[in-house]
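Q: The file below is entry_18.pdb, PDB, C-alpha atoms:
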```pdb
ATOM      1  CA  MET A   1      98.540 -79.890 163.303
ATOM      2  CA  ALA A   2      96.156 -82.706 162.369
ATOM      3  CA  ASN A   3      93.562 -84.305 164.569
ATOM      4  CA  HIS A   4      93.007 -88.075 164.697
ATOM      5  CA  ILE A   5      89.945 -89.931 165.840
ATOM      6  CA  PHE A   6      89.268 -93.640 166.341
ATOM      7  CA  ILE A   7      85.606 -94.666 166.357
ATOM      8  CA  THR A   8      84.335 -98.152 167.093
ATOM      9  CA  GLY A   9      80.682 -98.459 166.266
ATOM     10  CA  THR A  10      77.929 -99.738 164.028
ATOM     11  CA  PHE A  11      76.824 -98.471 160.628
ATOM     12  CA  GLY A  12      73.422 -96.820 161.035
ATOM     13  CA  ARG A  13      72.630 -97.224 157.338
ATOM     14  CA  ASP A  14      74.238 -98.729 154.258
ATOM     15  CA  PRO A  15      77.109 -96.507 153.067
ATOM     16  CA  GLU A  16      76.151 -94.608 149.907
ATOM     17  CA  LEU A  17      78.745 -94.788 147.132
ATOM     18  CA  ARG A  18      78.791 -91.844 144.731
ATOM     19  CA  THR A  19      80.983 -90.482 141.966
ATOM     20  CA  SER A  20      82.233 -86.892 141.694
ATOM     21  CA  SER A  21      81.856 -84.892 138.494
ATOM     22  CA  GLN A  22      85.518 -85.775 137.791
ATOM     23  CA  GLY A  23      84.754 -89.507 138.156
ATOM     24  CA  ALA A  24      86.335 -90.007 141.601
ATOM     25  CA  PRO A  25      84.483 -92.334 144.027
ATOM     26  CA  TRP A  26      83.326 -91.067 147.410
ATOM     27  CA  ALA A  27      80.935 -92.429 150.027
ATOM     28  CA  THR A  28      78.843 -91.118 152.883
ATOM     29  CA  PHE A  29      78.015 -93.116 156.016
ATOM     30  CA  SER A  30      76.793 -92.820 159.588
ATOM     31  CA  VAL A  31      78.224 -94.662 162.582
ATOM     32  CA  ALA A  32      76.746 -94.972 166.070
ATOM     33  CA  ASP A  33      79.242 -95.195 168.923
ATOM     34  CA  GLY A  34      77.778 -96.248 172.234
ATOM     35  CA  ARG A  35      77.387 -98.943 174.800
ATOM     36  CA  LYS A  36      74.317-101.040 175.361
ATOM     37  CA  GLY A  37      71.817 -99.095 177.419
ATOM     38  CA  GLU A  38      73.432 -95.718 176.654
ATOM     39  CA  GLU A  39      72.341 -93.063 174.188
ATOM     40  CA  PRO A  40      74.525 -93.509 171.071
ATOM     41  CA  VAL A  41      76.709 -90.745 169.687
ATOM     42  CA  TRP A  42      76.246 -90.458 165.917
ATOM     43  CA  PHE A  43      79.019 -89.549 163.502
ATOM     44  CA  GLU A  44      78.319 -88.578 159.905
ATOM     45  CA  GLY A  45      81.256 -89.399 157.689
ATOM     46  CA  LYS A  46      82.785 -89.448 154.244
ATOM     47  CA  ALA A  47      85.404 -91.590 152.551
ATOM     48  CA  PHE A  48      87.171 -91.094 149.246
ATOM     49  CA  GLY A  49      88.898 -93.179 146.570
ATOM     50  CA  ARG A  50      89.406 -96.906 147.029
ATOM     51  CA  LEU A  51      88.227 -96.708 150.657
ATOM     52  CA  ALA A  52      84.869 -95.370 149.440
ATOM     53  CA  GLU A  53      84.599 -98.294 147.010
ATOM     54  CA  VAL A  54      85.341-100.781 149.809
ATOM     55  CA  LEU A  55      82.643 -99.213 151.993
ATOM     56  CA  GLY A  56      80.182 -99.361 149.105
ATOM     57  CA  GLU A  57      80.959-103.024 148.500
ATOM     58  CA  TYR A  58      81.296-104.404 152.041
ATOM     59  CA  GLY A  59      79.629-101.841 154.303
ATOM     60  CA  ALA A  60      76.085-102.517 155.472
ATOM     61  CA  LYS A  61      73.694-101.261 158.124
ATOM     62  CA  GLY A  62      74.493-102.972 161.409
ATOM     63  CA  ARG A  63      78.103-103.940 160.584
ATOM     64  CA  ARG A  64      80.593-103.226 163.348
ATOM     65  CA  VAL A  65      83.588-101.171 162.294
ATOM     66  CA  LEU A  66      86.656 -99.379 163.558
ATOM     67  CA  ILE A  67      87.117 -96.133 161.665
ATOM     68  CA  VAL A  68      90.285 -94.072 161.802
ATOM     69  CA  GLY A  69      90.109 -90.536 160.478
ATOM     70  CA  LYS A  70      89.900 -86.888 161.357
ATOM     71  CA  MET A  71      87.132 -84.457 162.211
ATOM     72  CA  VAL A  72      86.631 -81.476 159.919
ATOM     73  CA  GLN A  73      84.223 -78.562 159.836
ATOM     74  CA  GLU A  74      82.117 -78.246 156.712
ATOM     75  CA  HIS A  75      80.356 -75.006 155.882
ATOM     76  CA  PHE A  76      77.355 -74.833 153.577
ATOM     77  CA  LYS A  77      74.219 -72.857 152.793
ATOM     78  CA  THR A  78      70.758 -74.309 153.161
ATOM     79  CA  GLN A  79      68.183 -73.956 150.387
ATOM     80  CA  ALA A  80      66.794 -71.055 152.409
ATOM     81  CA  GLY A  81      70.202 -69.359 152.224
ATOM     82  CA  GLU A  82      71.155 -69.905 155.889
ATOM     83  CA  GLU A  83      74.833 -70.524 156.708
ATOM     84  CA  ARG A  84      75.438 -73.821 158.526
ATOM     85  CA  THR A  85      78.464 -75.600 159.939
ATOM     86  CA  VAL A  86      78.681 -79.318 160.680
ATOM     87  CA  MET A  87      81.410 -81.572 162.014
ATOM     88  CA  ARG A  88      82.167 -84.511 159.721
ATOM     89  CA  LEU A  89      84.357 -87.594 160.135
ATOM     90  CA  ILE A  90      86.700 -88.063 157.162
ATOM     91  CA  ALA A  91      87.795 -91.708 157.140
ATOM     92  CA  SER A  92      91.368 -92.660 156.310
ATOM     93  CA  ASN A  93      91.064 -96.335 157.278
ATOM     94  CA  VAL A  94      88.242 -98.750 158.081
ATOM     95  CA  GLU A  95      88.483-102.164 159.689
ATOM     96  CA  PHE A  96      85.434-104.417 159.710
ATOM     97  CA  LEU A  97      85.013-106.073 163.109
ATOM     98  CA  ASP A  98      82.513-108.737 162.044
ATOM     99  CA  ALA A  99      81.841-111.023 159.111
ATOM    100  CA  PRO A 100      79.877-109.724 156.111
ATOM    101  CA  PRO A 101      76.091-110.325 156.415
ATOM    102  CA  ASP A 102      76.076-112.986 153.655
ATOM    103  CA  THR A 103      78.855-114.902 155.419
ATOM    104  CA  ARG A 104      76.998-114.813 158.760
ATOM    105  CA  ARG A 105      73.767-115.995 157.105
ATOM    106  CA  LYS A 106      75.570-118.843 155.287
ATOM    107  CA  ALA A 107      77.334-119.919 158.493
ATOM    108  CA  ARG A 108      73.991-119.942 160.348
ATOM    109  CA  GLU A 109      72.348-121.969 157.551
ATOM    110  CA  ASP A 110      75.244-124.457 157.519
ATOM    111  CA  THR A 111      75.026-124.819 161.318
ATOM    112  CA  GLU A 112      71.266-125.421 161.165
ATOM    113  CA  LYS A 113      71.831-128.316 158.755
ATOM    114  CA  LEU A 114      73.975-130.163 161.347
TER     115      LEU A 114
END
```
Represent the structure from my file as structure tokens, please.
A:
Amino acid sequence: MANHIFITGTFGRDPELRTSSQGAPWATFSVADGRKGEEPVWFEGKAFGRLAEVLGEYGAKGRRVLIVGKMVQEHFKTQAGEERTVMRLIASNVEFLDAPPDTRRKAREDTEKL
């Protein structure tokens, strides 16, 4: 049985695109889900393959997104040797809900010229 989660929120930082030792792209990101005036709920996430490349190219801090994915538990050891478990959002689809920052800036500049 798989779980599914839909998160609408804002990137808290620019997604970080990386490459595995086998050459496969993957990205990490954080998304804040919350309403104005409420404490946001933060989700730490990962994406793989072409989706990771898209996030690396078009994702940016402050962009609004709809992310579809699943929640998984990740287990790891700290440098001190302590066992830790975290919940992580694994993205399977991302839809950008606003225009890229460069497009917004250009539209604003074009409007100011009128």
Q: Quick one: apply the PyMOL selection byres ((chain A and resi 69) around 8) to the file and drop the selected residues here as an NGL selection string.
A: :A and (4-6 or 67-68 or 70-71 or 89-93)
Q: Just the selected residues (C-alpha atoms), exported as a PDB file, in the coordinates of the input, please.
A:
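Resulting contents of again.pdb:
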```pdb
ATOM      1  CA  HIS A   4      93.007 -88.075 164.697  1.00  0.00           C
ATOM      2  CA  ILE A   5      89.945 -89.931 165.840  1.00  0.00           C
ATOM      3  CA  PHE A   6      89.268 -93.640 166.341  1.00  0.00           C
ATOM      4  CA  ILE A  67      87.117 -96.133 161.665  1.00  0.00           C
ATOM      5  CA  VAL A  68      90.285 -94.072 161.802  1.00  0.00           C
ATOM      6  CA  LYS A  70      89.900 -86.888 161.357  1.00  0.00           C
ATOM      7  CA  MET A  71      87.132 -84.457 162.211  1.00  0.00           C
ATOM      8  CA  LEU A  89      84.357 -87.594 160.135  1.00  0.00           C
ATOM      9  CA  ILE A  90      86.700 -88.063 157.162  1.00  0.00           C
ATOM     10  CA  ALA A  91      87.795 -91.708 157.140  1.00  0.00           C
ATOM     11  CA  SER A  92      91.368 -92.660 156.310  1.00  0.00           C
ATOM     12  CA  ASN A  93      91.064 -96.335 157.278  1.00  0.00           C
TER      13      ASN A  93
END
```
Q: Give as a list in words the residues that the PyMOL selection byres ((chain A and resi 49) around 10) matches when applied to the coordinates above.
A: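 Selected by the PyMOL selection byres ((chain A and resi 49) around 10) here: Thr19, Ala24, Pro25, Trp26, Ala27, Ala47, Phe48, Arg50, Leu51, Ala52, Glu53 and Val54 of chain A.
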Q: What is the atom CA of Arg63 of chain A-atom CA of Phe11 of chain A distance in Å, reported with one decimal?
A: 5.6 Å
Q: Which of these, A:Trp42, A:Ser30, A:Arg64, A:Arg35, has the shortest distance to Phe96 of chain A once you count all atoms listed in the file?
A: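 Looking at the shortest contact to Phe96 of chain A, the residue is A:Arg64.
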Q: Which centre and edge lengths in Å to one decimal define the box along x, y and z that fits every listed atom of segment 42-58 of chain A plus 5 Å per side, as lines of an AutoDock Vina configuration file?
A:
```
center_x = 82.8
center_y = -96.5
center_z = 156.2
size_x = 23.2
size_y = 25.8
size_z = 29.3
```
Q: Nearest residue to Thr28 of chain A out of A:Pro15, A:Gly9, A:Gly81, A:Pro40, using all atoms listed in the file?
A: A:Pro15
Q: What is the distance between atom CA of Thr85 of chain A and atom CA of Gly59 of chain A, in Å to one decimal?
A: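 We find that atom CA of Thr85 of chain A and atom CA of Gly59 of chain A lie 26.9 Å from each other.
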Q: For the atom pair atom CA of Glu16 of chain A and atom CA of Gly37 of chain A, what is the interatomic distance in Å to one decimal place?
A: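 Computing it gives 28.2 Å between the two atoms.
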Q: Please enumerate the residues selected by the PyMOL selection byres ((chain A and resi 12) around 7) when evaluated against the supplied file, formatted as a list in words.
A: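 Evaluating the PyMOL selection byres ((chain A and resi 12) around 7) on this file yields Thr10, Phe11, Arg13, Ser30, Val31, Ala32, Lys61 and Gly62 of chain A.
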